[in-house]
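Below is the file model-v9.txt, which contains compact mmCIF, C-alpha atoms and all ligand atoms.
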# COMPACT_ATOMS: atom_id res chain seq x y z
CA MET A 1 -19.03 -46.63 60.24
CA LYS A 2 -18.14 -42.98 60.40
CA THR A 3 -15.00 -40.84 60.63
CA VAL A 4 -13.49 -40.60 64.12
CA LYS A 5 -14.51 -37.55 66.18
CA GLY A 6 -12.58 -34.44 65.12
CA THR A 7 -11.61 -35.88 61.72
CA ARG A 8 -13.34 -35.50 58.37
CA ASP A 9 -13.22 -36.69 54.80
CA LEU A 10 -12.13 -34.11 52.30
CA LEU A 11 -14.54 -34.59 49.41
CA PRO A 12 -13.75 -33.54 45.81
CA GLU A 13 -15.14 -30.01 46.28
CA ASP A 14 -12.80 -29.65 49.29
CA THR A 15 -9.76 -31.26 47.70
CA TYR A 16 -10.21 -29.01 44.67
CA LEU A 17 -9.69 -25.97 46.92
CA PHE A 18 -6.83 -27.63 48.81
CA GLN A 19 -5.08 -28.53 45.54
CA GLN A 20 -5.47 -25.01 44.18
CA ILE A 21 -4.04 -23.50 47.35
CA GLU A 22 -1.16 -25.98 47.55
CA GLN A 23 -0.26 -25.66 43.87
CA ARG A 24 -0.21 -21.89 44.11
CA ALA A 25 1.90 -22.19 47.26
CA TRP A 26 4.51 -24.55 45.75
CA ASP A 27 4.86 -22.24 42.73
CA HIS A 28 4.90 -19.01 44.74
CA PHE A 29 7.40 -20.02 47.40
CA ALA A 30 9.71 -21.73 44.90
CA LYS A 31 10.28 -18.22 43.53
CA TYR A 32 11.69 -17.25 46.93
CA GLY A 33 14.08 -20.21 46.96
CA PHE A 34 12.04 -22.59 49.15
CA ARG A 35 12.38 -26.32 48.43
CA GLU A 36 10.07 -29.03 49.69
CA ILE A 37 10.86 -31.33 52.60
CA ARG A 38 8.75 -34.36 53.63
CA THR A 39 9.32 -35.86 57.04
CA PRO A 40 7.53 -38.84 58.62
CA ILE A 41 4.03 -38.42 60.04
CA PHE A 42 5.27 -39.83 63.36
CA GLU A 43 8.42 -39.18 65.36
CA GLU A 44 9.91 -40.15 68.70
CA THR A 45 7.85 -38.42 71.37
CA SER A 46 10.95 -36.86 72.93
CA LEU A 47 11.35 -34.63 69.85
CA PHE A 48 8.09 -32.83 70.60
CA LEU A 49 8.66 -32.80 74.38
CA ARG A 50 11.98 -31.04 73.88
CA GLY A 51 10.94 -28.99 70.86
CA ILE A 52 7.49 -27.64 71.65
CA GLY A 53 7.86 -27.39 75.43
CA ASP A 54 6.83 -29.60 78.38
CA ASP A 55 4.22 -27.19 79.68
CA THR A 56 2.43 -26.26 76.48
CA ASP A 57 -1.17 -27.38 75.86
CA ILE A 58 0.02 -29.28 72.81
CA VAL A 59 2.40 -31.45 74.81
CA THR A 60 0.38 -31.84 78.00
CA LYS A 61 -3.07 -32.41 76.51
CA GLU A 62 -3.09 -32.78 72.77
CA MET A 63 -0.56 -35.32 71.57
CA TYR A 64 -1.54 -38.53 69.83
CA ARG A 65 1.04 -40.53 71.72
CA PHE A 66 1.36 -44.31 71.75
CA LYS A 67 3.75 -47.22 72.16
CA ASP A 68 4.43 -49.07 68.91
CA LYS A 69 4.90 -52.85 68.79
CA GLY A 70 8.61 -52.35 69.50
CA GLU A 71 7.74 -50.42 72.70
CA ARG A 72 8.96 -47.14 71.17
CA ASP A 73 7.34 -43.98 72.49
CA ILE A 74 5.84 -42.47 69.33
CA THR A 75 3.76 -39.34 68.63
CA LEU A 76 1.85 -38.30 65.51
CA ARG A 77 3.29 -34.90 64.58
CA PRO A 78 1.23 -32.03 66.06
CA GLU A 79 3.24 -29.56 63.93
CA LEU A 80 6.25 -29.71 61.64
CA THR A 81 8.81 -27.21 62.88
CA ALA A 82 10.36 -29.65 65.37
CA SER A 83 10.47 -32.42 62.73
CA VAL A 84 12.10 -30.13 60.15
CA CYS A 85 14.71 -29.07 62.73
CA ARG A 86 15.37 -32.73 63.48
CA ALA A 87 15.93 -33.35 59.77
CA VAL A 88 18.22 -30.30 59.45
CA ILE A 89 20.38 -31.63 62.29
CA GLN A 90 20.27 -35.30 61.22
CA HIS A 91 21.34 -34.57 57.63
CA ASN A 92 23.55 -31.60 58.47
CA LEU A 93 21.67 -29.52 55.91
CA VAL A 94 23.01 -26.07 56.80
CA GLY A 95 26.71 -25.17 56.52
CA ALA A 96 28.26 -22.24 58.37
CA GLU A 97 27.66 -19.72 55.59
CA ASP A 98 24.37 -21.16 54.31
CA ILE A 99 20.80 -20.01 54.46
CA LEU A 100 18.37 -22.86 53.90
CA ARG A 101 14.72 -22.37 52.94
CA LEU A 102 12.35 -25.31 53.27
CA MET A 103 8.61 -25.65 52.69
CA TYR A 104 6.15 -28.43 53.49
CA SER A 105 2.53 -29.42 53.39
CA GLY A 106 0.69 -32.22 55.11
CA PRO A 107 -1.54 -33.46 57.92
CA MET A 108 -0.94 -32.69 61.62
CA PHE A 109 -2.65 -34.24 64.64
CA ARG A 110 -3.79 -32.61 67.86
CA TYR A 111 -6.26 -34.00 70.36
CA GLU A 112 -8.15 -30.72 70.75
CA ARG A 113 -11.82 -30.14 71.48
CA PRO A 114 -13.35 -30.19 67.98
CA GLN A 115 -15.27 -27.13 66.84
CA ALA A 116 -15.75 -25.17 63.62
CA GLY A 117 -12.29 -24.78 62.07
CA ARG A 118 -10.63 -26.99 64.68
CA TYR A 119 -9.96 -30.61 63.84
CA ARG A 120 -7.94 -33.43 65.32
CA GLN A 121 -6.41 -34.08 61.92
CA PHE A 122 -5.79 -30.83 60.08
CA TYR A 123 -3.49 -29.63 57.32
CA GLN A 124 -0.72 -27.08 57.26
CA PHE A 125 1.44 -25.51 54.60
CA GLY A 126 4.55 -24.02 56.16
CA VAL A 127 7.99 -22.59 55.50
CA GLU A 128 11.17 -22.50 57.59
CA VAL A 129 14.34 -20.46 57.01
CA PHE A 130 17.56 -21.54 58.74
CA GLY A 131 20.88 -19.80 59.23
CA SER A 132 20.29 -16.06 59.68
CA GLN A 133 19.21 -13.77 62.47
CA ASP A 134 18.95 -10.79 60.14
CA PRO A 135 15.53 -9.10 60.56
CA LEU A 136 15.42 -9.01 56.76
CA VAL A 137 14.64 -12.74 56.89
CA ASP A 138 11.59 -12.00 59.06
CA VAL A 139 10.51 -9.24 56.66
CA GLU A 140 10.99 -11.14 53.41
CA THR A 141 9.35 -14.30 54.77
CA ILE A 142 6.32 -12.33 55.98
CA GLU A 143 6.22 -10.50 52.63
CA ALA A 144 6.28 -13.87 50.84
CA LEU A 145 3.27 -14.92 52.93
CA MET A 146 1.32 -11.73 52.35
CA SER A 147 1.89 -11.73 48.60
CA PHE A 148 0.78 -15.36 48.53
CA ILE A 149 -2.42 -14.54 50.41
CA ALA A 150 -3.29 -11.35 48.48
CA PRO A 151 -4.69 -13.01 45.28
CA PHE A 152 -7.23 -14.92 47.40
CA LYS A 153 -8.81 -11.48 48.02
CA LEU A 154 -10.04 -12.36 51.50
CA PRO A 155 -11.53 -9.49 53.46
CA ASN A 156 -11.09 -9.07 57.22
CA LEU A 157 -7.55 -10.40 57.51
CA GLU A 158 -5.18 -8.74 59.92
CA LEU A 159 -1.48 -9.33 60.48
CA MET A 160 -0.67 -9.22 64.21
CA LEU A 161 2.92 -8.72 65.28
CA ASN A 162 4.81 -8.87 68.55
CA SER A 163 8.19 -9.79 69.94
CA VAL A 164 8.32 -12.33 72.77
CA GLY A 165 11.95 -11.47 73.58
CA ASP A 166 14.46 -14.21 74.34
CA GLU A 167 16.55 -15.62 77.18
CA THR A 168 18.16 -12.19 77.75
CA ASP A 169 14.98 -10.28 78.61
CA ARG A 170 12.02 -12.66 78.84
CA PRO A 171 12.89 -14.10 82.31
CA ALA A 172 12.48 -10.65 83.88
CA TYR A 173 9.06 -10.29 82.24
CA LEU A 174 7.98 -13.78 83.33
CA LYS A 175 9.02 -12.94 86.89
CA TYR A 176 7.03 -9.70 86.75
CA LEU A 177 3.99 -11.54 85.37
CA ARG A 178 4.15 -14.27 88.02
CA GLN A 179 4.42 -11.75 90.83
CA THR A 180 1.64 -9.52 89.56
CA LEU A 181 -0.72 -12.34 88.61
CA ASN A 182 -0.18 -14.22 91.87
CA SER A 183 -1.81 -11.33 93.67
CA LYS A 184 -4.88 -11.73 91.39
CA ARG A 185 -4.80 -15.52 91.32
CA GLU A 186 -8.29 -16.02 92.78
CA LEU A 187 -9.85 -13.75 90.16
CA LEU A 188 -8.58 -15.82 87.22
CA CYS A 189 -9.94 -19.02 85.66
CA SER A 190 -8.51 -22.37 86.78
CA ASP A 191 -6.52 -22.74 83.53
CA CYS A 192 -4.86 -19.38 84.12
CA GLN A 193 -4.15 -20.32 87.74
CA ASN A 194 -2.23 -23.33 86.43
CA ARG A 195 -0.53 -21.23 83.77
CA ILE A 196 0.83 -18.83 86.42
CA ASP A 197 2.91 -21.74 87.73
CA ASN A 198 3.68 -23.54 84.48
CA ASN A 199 3.54 -21.26 81.44
CA VAL A 200 2.75 -17.77 82.62
CA LEU A 201 3.06 -16.06 79.23
CA ARG A 202 0.00 -17.98 78.04
CA VAL A 203 -2.18 -16.19 80.57
CA LEU A 204 -1.98 -13.21 78.22
CA ASP A 205 -4.01 -14.88 75.50
CA CYS A 206 -6.65 -16.51 77.68
CA LYS A 207 -9.93 -16.31 75.76
CA GLN A 208 -12.08 -15.71 78.88
CA SER A 209 -13.30 -12.11 79.00
CA ASN A 210 -13.24 -12.16 82.80
CA CYS A 211 -9.52 -13.00 82.80
CA GLN A 212 -8.84 -10.40 80.09
CA SER A 213 -10.49 -7.71 82.23
CA HIS A 214 -7.96 -8.42 85.00
CA LEU A 215 -5.02 -8.22 82.60
CA GLN A 216 -5.73 -4.73 81.29
CA ASP A 217 -3.22 -2.84 83.42
CA LEU A 218 -0.33 -5.31 83.03
CA GLN A 219 2.84 -3.88 81.56
CA PRO A 220 3.47 -5.10 78.00
CA ILE A 221 6.52 -7.23 77.23
CA SER A 222 7.93 -4.32 75.20
CA ASP A 223 8.72 -2.55 78.50
CA PHE A 224 11.20 -5.37 79.17
CA TRP A 225 12.82 -5.78 75.73
CA SER A 226 16.62 -5.67 75.58
CA LYS A 227 18.16 -3.10 73.24
CA GLU A 228 19.04 -5.84 70.74
CA ASN A 229 15.53 -7.28 70.70
CA ARG A 230 13.94 -3.84 70.46
CA ASP A 231 16.21 -2.97 67.50
CA HIS A 232 15.30 -6.28 65.83
CA PHE A 233 11.59 -5.63 66.26
CA GLU A 234 11.87 -2.07 64.99
CA SER A 235 13.80 -3.25 61.92
CA VAL A 236 11.06 -5.79 61.18
CA CYS A 237 8.36 -3.12 61.53
CA SER A 238 10.17 -0.61 59.34
CA GLY A 239 10.88 -3.31 56.71
CA LEU A 240 7.19 -4.20 56.55
CA LYS A 241 6.24 -0.53 56.29
CA ARG A 242 8.71 -0.06 53.43
CA LEU A 243 6.90 -2.89 51.63
CA ASP A 244 3.48 -1.37 52.36
CA ILE A 245 2.41 -4.41 54.37
CA PRO A 246 -0.16 -3.32 56.95
CA PHE A 247 0.17 -4.87 60.42
CA LYS A 248 -0.96 -4.27 63.95
CA ILE A 249 1.35 -4.52 66.94
CA ASN A 250 -0.34 -6.71 69.53
CA PRO A 251 1.62 -6.71 72.81
CA ARG A 252 -0.57 -9.58 74.06
CA LEU A 253 0.30 -11.91 71.19
CA VAL A 254 2.08 -14.97 72.55
CA ARG A 255 2.23 -18.27 70.74
CA GLY A 256 1.15 -21.72 71.90
CA LEU A 257 4.61 -23.20 71.38
CA ASP A 258 7.58 -22.45 73.64
CA TYR A 259 10.32 -22.21 71.05
CA TYR A 260 9.73 -18.65 69.86
CA THR A 261 12.26 -15.87 70.34
CA LYS A 262 11.86 -12.25 69.21
CA THR A 263 9.32 -11.94 66.35
CA ALA A 264 5.96 -13.70 66.78
CA PHE A 265 3.06 -13.12 64.43
CA GLU A 266 -0.35 -14.37 63.36
CA LEU A 267 -2.72 -13.67 60.55
CA VAL A 268 -6.21 -13.53 62.01
CA SER A 269 -9.55 -13.40 60.26
CA GLY A 270 -12.71 -11.68 61.42
CA ASP A 271 -14.68 -14.36 59.54
CA LEU A 272 -13.56 -17.51 61.35
CA GLY A 273 -15.32 -17.28 64.70
CA ALA A 274 -13.40 -18.44 67.78
CA GLN A 275 -10.64 -20.15 65.78
CA SER A 276 -9.55 -16.92 64.15
CA ALA A 277 -5.88 -17.69 63.37
CA VAL A 278 -5.31 -18.56 59.73
CA MET A 279 -1.61 -18.95 60.32
CA GLY A 280 1.06 -18.33 62.90
CA GLY A 281 4.80 -18.26 63.18
CA GLY A 282 7.89 -16.39 64.22
CA ARG A 283 11.56 -16.62 64.98
CA TYR A 284 13.01 -19.54 66.95
CA ASP A 285 16.72 -18.93 67.32
CA ARG A 286 17.33 -21.53 70.05
CA LEU A 287 15.36 -24.55 68.85
CA ILE A 288 18.05 -26.25 66.75
CA GLU A 289 20.45 -26.02 69.69
CA THR A 290 17.79 -27.31 72.12
CA LEU A 291 17.38 -30.34 69.89
CA GLY A 292 21.11 -31.10 69.92
CA GLY A 293 22.30 -29.15 66.86
CA LYS A 294 24.66 -26.21 66.60
CA ASP A 295 23.72 -22.64 67.40
CA MET A 296 21.49 -21.74 64.44
CA PRO A 297 18.87 -18.99 64.16
CA ALA A 298 15.65 -19.77 62.31
CA PHE A 299 12.33 -18.27 61.29
CA GLY A 300 9.11 -19.74 59.90
CA TRP A 301 5.36 -19.98 59.88
CA ALA A 302 2.57 -22.42 59.11
CA LEU A 303 -0.74 -21.76 57.44
CA GLY A 304 -3.89 -23.70 58.38
CA LEU A 305 -5.10 -25.08 55.05
CA ASP A 306 -8.51 -26.10 56.46
CA ARG A 307 -9.10 -22.53 57.60
CA LEU A 308 -7.80 -20.88 54.43
CA ALA A 309 -9.90 -23.23 52.26
CA SER A 310 -13.00 -22.49 54.33
CA LEU A 311 -12.50 -18.71 54.01
CA TRP A 312 -11.74 -18.93 50.30
CA SER A 313 -14.67 -21.23 49.48
CA THR A 314 -16.96 -18.17 49.45
CA TYR A 315 -14.86 -16.38 46.84
CA ALA A 316 -13.20 -19.12 44.78
CA ASP A 317 -14.21 -19.58 41.13
CA PRO A 318 -16.25 -22.77 40.64
CA GLU A 319 -14.28 -25.83 39.62
CA PRO A 320 -14.02 -25.76 35.80
CA GLY A 321 -15.88 -28.50 33.90
CA PRO A 322 -14.42 -30.62 31.07
CA ASP A 323 -13.28 -28.91 27.88
CA LEU A 324 -15.50 -31.15 25.80
CA PHE A 325 -18.62 -33.22 26.52
CA LEU A 326 -19.37 -35.69 23.74
CA ILE A 327 -22.93 -36.60 22.88
CA PHE A 328 -23.58 -39.72 20.80
CA GLY A 329 -26.62 -40.79 18.78
CA GLN A 330 -25.77 -44.45 19.36
CA ARG A 331 -23.71 -46.37 21.85
CA GLN A 332 -21.52 -48.14 19.23
CA TRP A 333 -20.42 -44.75 17.86
CA LEU A 334 -18.84 -44.11 21.25
CA ASP A 335 -16.99 -47.42 20.95
CA THR A 336 -15.57 -46.54 17.53
CA ALA A 337 -14.70 -43.00 18.68
CA LEU A 338 -12.57 -44.24 21.62
CA PRO A 339 -9.15 -44.03 19.84
CA TRP A 340 -9.97 -40.46 18.78
CA ILE A 341 -11.06 -39.59 22.35
CA ALA A 342 -7.76 -41.01 23.65
CA SER A 343 -5.85 -38.85 21.13
CA LEU A 344 -7.75 -35.74 22.32
CA ARG A 345 -6.77 -36.46 25.89
CA ARG A 346 -3.16 -36.98 24.86
CA ALA A 347 -3.34 -33.57 23.18
CA GLY A 348 -4.37 -32.05 26.53
CA VAL A 349 -8.14 -31.80 26.05
CA SER A 350 -10.29 -32.99 28.96
CA VAL A 351 -13.18 -35.07 27.60
CA ALA A 352 -16.31 -36.39 29.29
CA TYR A 353 -19.33 -38.30 28.04
CA ASP A 354 -22.23 -40.32 29.34
CA ILE A 355 -21.10 -43.93 29.10
CA ARG A 356 -24.74 -45.09 29.08
CA VAL A 357 -25.47 -42.92 25.99
CA ARG A 358 -29.03 -42.08 26.96
CA SER A 359 -31.35 -39.73 25.06
CA PHE A 360 -29.88 -36.71 23.29
CA LYS A 361 -31.76 -34.44 25.70
CA SER A 362 -30.39 -36.12 28.81
CA GLN A 363 -26.81 -36.10 27.44
CA MET A 364 -27.12 -32.39 26.64
CA LYS A 365 -28.47 -31.72 30.15
CA ARG A 366 -25.46 -33.47 31.59
CA ALA A 367 -23.05 -31.45 29.42
CA ASN A 368 -24.65 -28.35 30.94
CA ARG A 369 -24.62 -29.71 34.48
CA GLU A 370 -20.94 -30.61 34.23
CA ASN A 371 -20.24 -27.08 33.05
CA ALA A 372 -18.47 -28.24 29.86
CA SER A 373 -16.94 -25.52 27.67
CA TRP A 374 -17.90 -27.35 24.46
CA ALA A 375 -20.41 -30.01 23.47
CA GLY A 376 -19.45 -32.34 20.60
CA ILE A 377 -22.45 -33.95 18.94
CA ILE A 378 -21.99 -37.13 16.95
CA GLY A 379 -25.16 -38.00 15.05
CA GLU A 380 -25.50 -40.20 11.98
CA ASP A 381 -23.89 -37.72 9.53
CA GLU A 382 -21.00 -36.93 11.86
CA HIS A 383 -20.41 -40.64 12.47
CA ASP A 384 -20.40 -41.40 8.72
CA GLN A 385 -18.18 -38.42 7.81
CA GLN A 386 -15.89 -38.68 10.86
CA THR A 387 -16.76 -35.15 11.92
CA VAL A 388 -18.35 -33.66 15.02
CA ALA A 389 -20.87 -30.85 15.47
CA LEU A 390 -18.99 -28.63 17.89
CA LYS A 391 -21.06 -26.31 20.04
CA ASN A 392 -19.55 -23.53 22.13
CA MET A 393 -21.62 -23.76 25.31
CA GLN A 394 -21.19 -20.11 26.13
CA SER A 395 -22.01 -18.51 22.77
CA SER A 396 -24.19 -21.43 21.52
CA GLU A 397 -22.34 -21.08 18.19
CA GLN A 398 -22.24 -24.47 16.43
CA LYS A 399 -20.35 -25.76 13.38
CA SER A 400 -19.31 -29.04 11.86
CA CYS A 401 -15.64 -29.77 12.43
CA LYS A 402 -13.18 -32.43 11.23
CA ARG A 403 -12.25 -34.66 14.14
CA SER A 404 -8.57 -33.99 13.54
CA ASP A 405 -9.20 -30.24 14.03
CA VAL A 406 -11.06 -30.53 17.34
CA ALA A 407 -8.08 -30.31 19.71
CA ALA A 408 -6.72 -27.19 18.00
CA THR A 409 -10.19 -25.61 17.85
CA ILE A 410 -10.74 -26.11 21.56
CA LYS A 411 -7.28 -24.76 22.40
CA ASN A 412 -7.78 -21.69 20.20
CA LYS A 413 -11.26 -21.26 21.70
CA GLU A 414 -12.87 -20.59 18.31
CA ILE A 415 -14.45 -22.48 15.46
CA PRO A 416 -12.35 -22.14 12.28
CA CYS A 417 -13.98 -25.03 10.40
P1 LIG B 501 0.29 -23.08 65.16
O1 LIG B 501 -0.13 -21.67 65.46
O2 LIG B 501 0.14 -24.07 66.24
O3 LIG B 501 1.81 -22.98 64.70
O4 LIG B 501 -0.47 -23.60 63.88
C1 LIG B 501 -0.46 -22.86 62.67
C2 LIG B 501 -1.85 -22.83 62.07
O5 LIG B 501 -2.36 -24.16 61.92
C3 LIG B 501 -2.90 -22.14 62.92
O6 LIG B 501 -2.86 -20.73 62.76
C4 LIG B 501 -4.19 -22.73 62.37
O7 LIG B 501 -4.59 -22.05 61.18
C5 LIG B 501 -3.78 -24.14 62.03
N1 LIG B 501 -4.23 -25.06 63.09
C6 LIG B 501 -3.64 -25.32 64.28
N2 LIG B 501 -4.34 -26.21 64.98
C7 LIG B 501 -5.43 -26.54 64.22
C8 LIG B 501 -6.55 -27.42 64.38
N3 LIG B 501 -6.69 -28.18 65.47
N4 LIG B 501 -7.47 -27.48 63.39
C9 LIG B 501 -7.34 -26.73 62.26
N5 LIG B 501 -6.30 -25.89 62.05
C10 LIG B 501 -5.36 -25.80 63.01
C11 LIG B 501 2.57 -24.05 64.35
O8 LIG B 501 2.14 -25.16 64.15
C12 LIG B 501 4.02 -23.72 64.14
N6 LIG B 501 4.74 -24.95 63.79
C13 LIG B 501 4.17 -22.66 63.07
C14 LIG B 501 5.59 -22.30 62.80
C15 LIG B 501 6.35 -22.76 61.76
N7 LIG B 501 6.35 -21.54 63.56
C16 LIG B 501 7.56 -21.48 63.04
N8 LIG B 501 7.57 -22.21 61.95
Can the structure in the file be given as structure tokens, please?
Amino acid sequence: MKTVKGTRDLLPEDTYLFQQIEQRAWDHFAKYGFREIRTPIFEETSLFLRGIGDDTDIVTKEMYRFKDKGERDITLRPELTASVCRAVIQHNLVGAEDILRLMYSGPMFRYERPQAGRYRQFYQFGVEVFGSQDPLVDVETIEALMSFIAPFKLPNLELMLNSVGDETDRPAYLKYLRQTLNSKRELLCSDCQNRIDNNVLRVLDCKQSNCQSHLQDLQPISDFWSKENRDHFESVCSGLKRLDIPFKINPRLVRGLDYYTKTAFELVSGDLGAQSAVMGGGRYDRLIETLGGKDMPAFGWALGLDRLASLWSTYADPEPGPDLFLIFGQRQWLDTALPWIASLRRAGVSVAYDIRVRSFKSQMKRANRENASWAGIIGEDEHDQQTVALKNMQSSEQKSCKRSDVAATIKNKEIPC
């Protein structure tokens, strides 16, 4: 038996990276006032139909949709923004004067064609901010993202920014696009021909170079922005500049989900091949209302953990080994040492040993292979005197140490005995 196409097991070397990223994220975003929300993995299908948009690829082609035994129409979540909005409405989480900041992490499901960096079960970490249309929210939430990403020291990352307008100015642009593209219909790929009728904005980010060559002289959406939306975009840009956050305005950036209004952005990597987006997000001021809530502006983004982990794997420090690897002359000395080993672990020291207690040489080899910081050798003398010969694996310095001093020695990283 094997994993289903498009899914994969995350093995310990993968989960180590995922855990590091997630732990850093929980800590980092908590400082900005984000609190975690967990919603179910599956929801009523209608949530995603209404939330993400009937004509998006996600809804038309990619949903894991099924009838449960109670004949309910259910879908495995392809993303979390719609679910979080559902929860905000259901539990009335945002009062009139409130700003609510939520964060989440977990698996998402999309029936996409699998390729490097694209899975049918993948993982996102994301944040959503509800209750303000102030461009400062866009700026501070992008800043939070960029200062989270910076310590990973990834080269070749670029922040792409655009505004997709809203119901006040976008219809005129869509009309312009439909008219102009209709006259070139035959020159475009069959997907784009469909998009002209169903979701014309998406023609702009068609990956086919032939289509792109026919889009060169199209007017950008910025020519159609209302004064309010232009002001919003300019405030976001000047806020980012004030914070020294580099970005590139990309007038062709449109997102794969219909709910965006005004700011849309992506972080793209030159090191990821075709699936270059590490994360994406933007403002979605109408979604809560579309889903039956009150009029409530919102902003958020989601980071692809699979893609971030894959980029970081080249630069991440290796997983640290145990603090202490114990080496025994005889198996029964391990048995008698067990209460002491348990006390070390309670004191916060990570301890490993070879349960089979093979030759000294093979135990020492294993201490090296496991990248232990210290080796603790228990030969006849150490067993009799209840001591341990403690060896610093980096400096090779070795001294006899009372067992009761071992935890403190390891924590102080020196041998006082
Ligand atoms: P999205 O652009 O569809 O946005 O997904 C965000 C990120 O998830 C992508 O940039 C990518 O890194 C990762 N991702 C998406 N699909 C896959 C896949 N099949 N395999 C691996 N990684 C993938 C959203 O999902 C929005 N909910 C983001 C958002 C939150 N907007 C506002 N708030």
In the coordinate frame of the file, compute which residues have an atom within 9 Å of (-3.4, -41.8, 73.1) when using only C-alpha atoms, and state them as a CSV table (one decimal) with C-alpha atoms, in the coordinates of the input.
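Final output, saved to out.csv:
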chain,number,residue,atom,x,y,z
A,63,MET,CA,-0.6,-35.3,71.6
A,64,TYR,CA,-1.5,-38.5,69.8
A,65,ARG,CA,1.0,-40.5,71.7
A,66,PHE,CA,1.4,-44.3,71.8
A,75,THR,CA,3.8,-39.3,68.6
A,111,TYR,CA,-6.3,-34.0,70.4
**Request:** Give the residue list for ligand LIG 501 (chain B) at 8 Å, counting all atoms listed in the file, as JSON, numbers by chain, sorted by chain and then by residue number.
**Result:** {"A": [78, 79, 80, 81, 82, 109, 110, 111, 112, 114, 117, 118, 119, 120, 121, 122, 123, 124, 126, 127, 128, 255, 256, 257, 260, 266, 267, 268, 275, 276, 277, 278, 279, 280, 281, 282, 283, 284, 299, 300, 301, 302, 303, 304, 305, 306, 307, 308]}
**Item:** Atomic distance CA of Ile221 in chain A - CA of Gly270 in chain A, expressed in Å with one decimal
**Value:**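 CA of Gly270 in chain A lies 25.3 Å from CA of Ile221 in chain A.
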**Of the listed residues A:Ala372, A:Val164, A:Ile288, A:Ala172, that which approaches Gly51 in chain A most closely, counting only C-alpha atoms** =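 Using only C-alpha atoms, Gly51 in chain A sits closest to A:Ile288.
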**Request:** Give as a ChimeraX atom specification every residue, naming chains and numbers as the document does, that has an atom within 10 Å of (-20.5, -28.2, 29.6), counting all atoms listed in the file.
**Result:** /A:320-326,352,364-376,391-394
Can you put N, CA and C atoms back into range 289-301 of chain A and show it as a PDB file, keeping the file's coordinate frame?
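Dumped everything to rebuild-v8.pdb:
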ATOM      1  N   GLU A 289      19.492 -25.698  68.618  1.00  0.00           N
ATOM      2  CA  GLU A 289      20.450 -26.020  69.690  1.00  0.00           C
ATOM      3  C   GLU A 289      19.770 -26.877  70.769  1.00  0.00           C
ATOM      4  N   THR A 290      18.531 -26.523  71.118  1.00  0.00           N
ATOM      5  CA  THR A 290      17.790 -27.310  72.120  1.00  0.00           C
ATOM      6  C   THR A 290      17.662 -28.761  71.684  1.00  0.00           C
ATOM      7  N   LEU A 291      17.562 -28.971  70.382  1.00  0.00           N
ATOM      8  CA  LEU A 291      17.380 -30.340  69.890  1.00  0.00           C
ATOM      9  C   LEU A 291      18.706 -31.040  69.616  1.00  0.00           C
ATOM     10  N   GLY A 292      19.818 -30.417  70.017  1.00  0.00           N
ATOM     11  CA  GLY A 292      21.110 -31.100  69.920  1.00  0.00           C
ATOM     12  C   GLY A 292      21.957 -30.662  68.741  1.00  0.00           C
ATOM     13  N   GLY A 293      21.506 -29.645  67.988  1.00  0.00           N
ATOM     14  CA  GLY A 293      22.300 -29.150  66.860  1.00  0.00           C
ATOM     15  C   GLY A 293      23.189 -27.996  67.286  1.00  0.00           C
ATOM     16  N   LYS A 294      23.819 -27.353  66.259  1.00  0.00           N
ATOM     17  CA  LYS A 294      24.660 -26.210  66.600  1.00  0.00           C
ATOM     18  C   LYS A 294      23.793 -24.967  66.775  1.00  0.00           C
ATOM     19  N   ASP A 295      24.413 -23.910  67.201  1.00  0.00           N
ATOM     20  CA  ASP A 295      23.720 -22.640  67.400  1.00  0.00           C
ATOM     21  C   ASP A 295      23.255 -22.130  66.022  1.00  0.00           C
ATOM     22  N   MET A 296      21.942 -22.125  65.769  1.00  0.00           N
ATOM     23  CA  MET A 296      21.490 -21.740  64.440  1.00  0.00           C
ATOM     24  C   MET A 296      20.135 -21.022  64.482  1.00  0.00           C
ATOM     25  N   PRO A 297      20.136 -19.720  64.145  1.00  0.00           N
ATOM     26  CA  PRO A 297      18.870 -18.990  64.160  1.00  0.00           C
ATOM     27  C   PRO A 297      17.926 -19.495  63.071  1.00  0.00           C
ATOM     28  N   ALA A 298      16.626 -19.292  63.297  1.00  0.00           N
ATOM     29  CA  ALA A 298      15.650 -19.770  62.310  1.00  0.00           C
ATOM     30  C   ALA A 298      14.360 -18.960  62.427  1.00  0.00           C
ATOM     31  N   PHE A 299      13.580 -19.034  61.357  1.00  0.00           N
ATOM     32  CA  PHE A 299      12.330 -18.270  61.290  1.00  0.00           C
ATOM     33  C   PHE A 299      11.348 -19.047  60.418  1.00  0.00           C
ATOM     34  N   GLY A 300      10.065 -19.028  60.766  1.00  0.00           N
ATOM     35  CA  GLY A 300       9.110 -19.740  59.900  1.00  0.00           C
ATOM     36  C   GLY A 300       7.682 -19.496  60.313  1.00  0.00           C
ATOM     37  N   TRP A 301       6.794 -20.065  59.559  1.00  0.00           N
ATOM     38  CA  TRP A 301       5.360 -19.980  59.880  1.00  0.00           C
ATOM     39  C   TRP A 301       4.626 -21.142  59.242  1.00  0.00           C
TER      40      TRP A 301
END
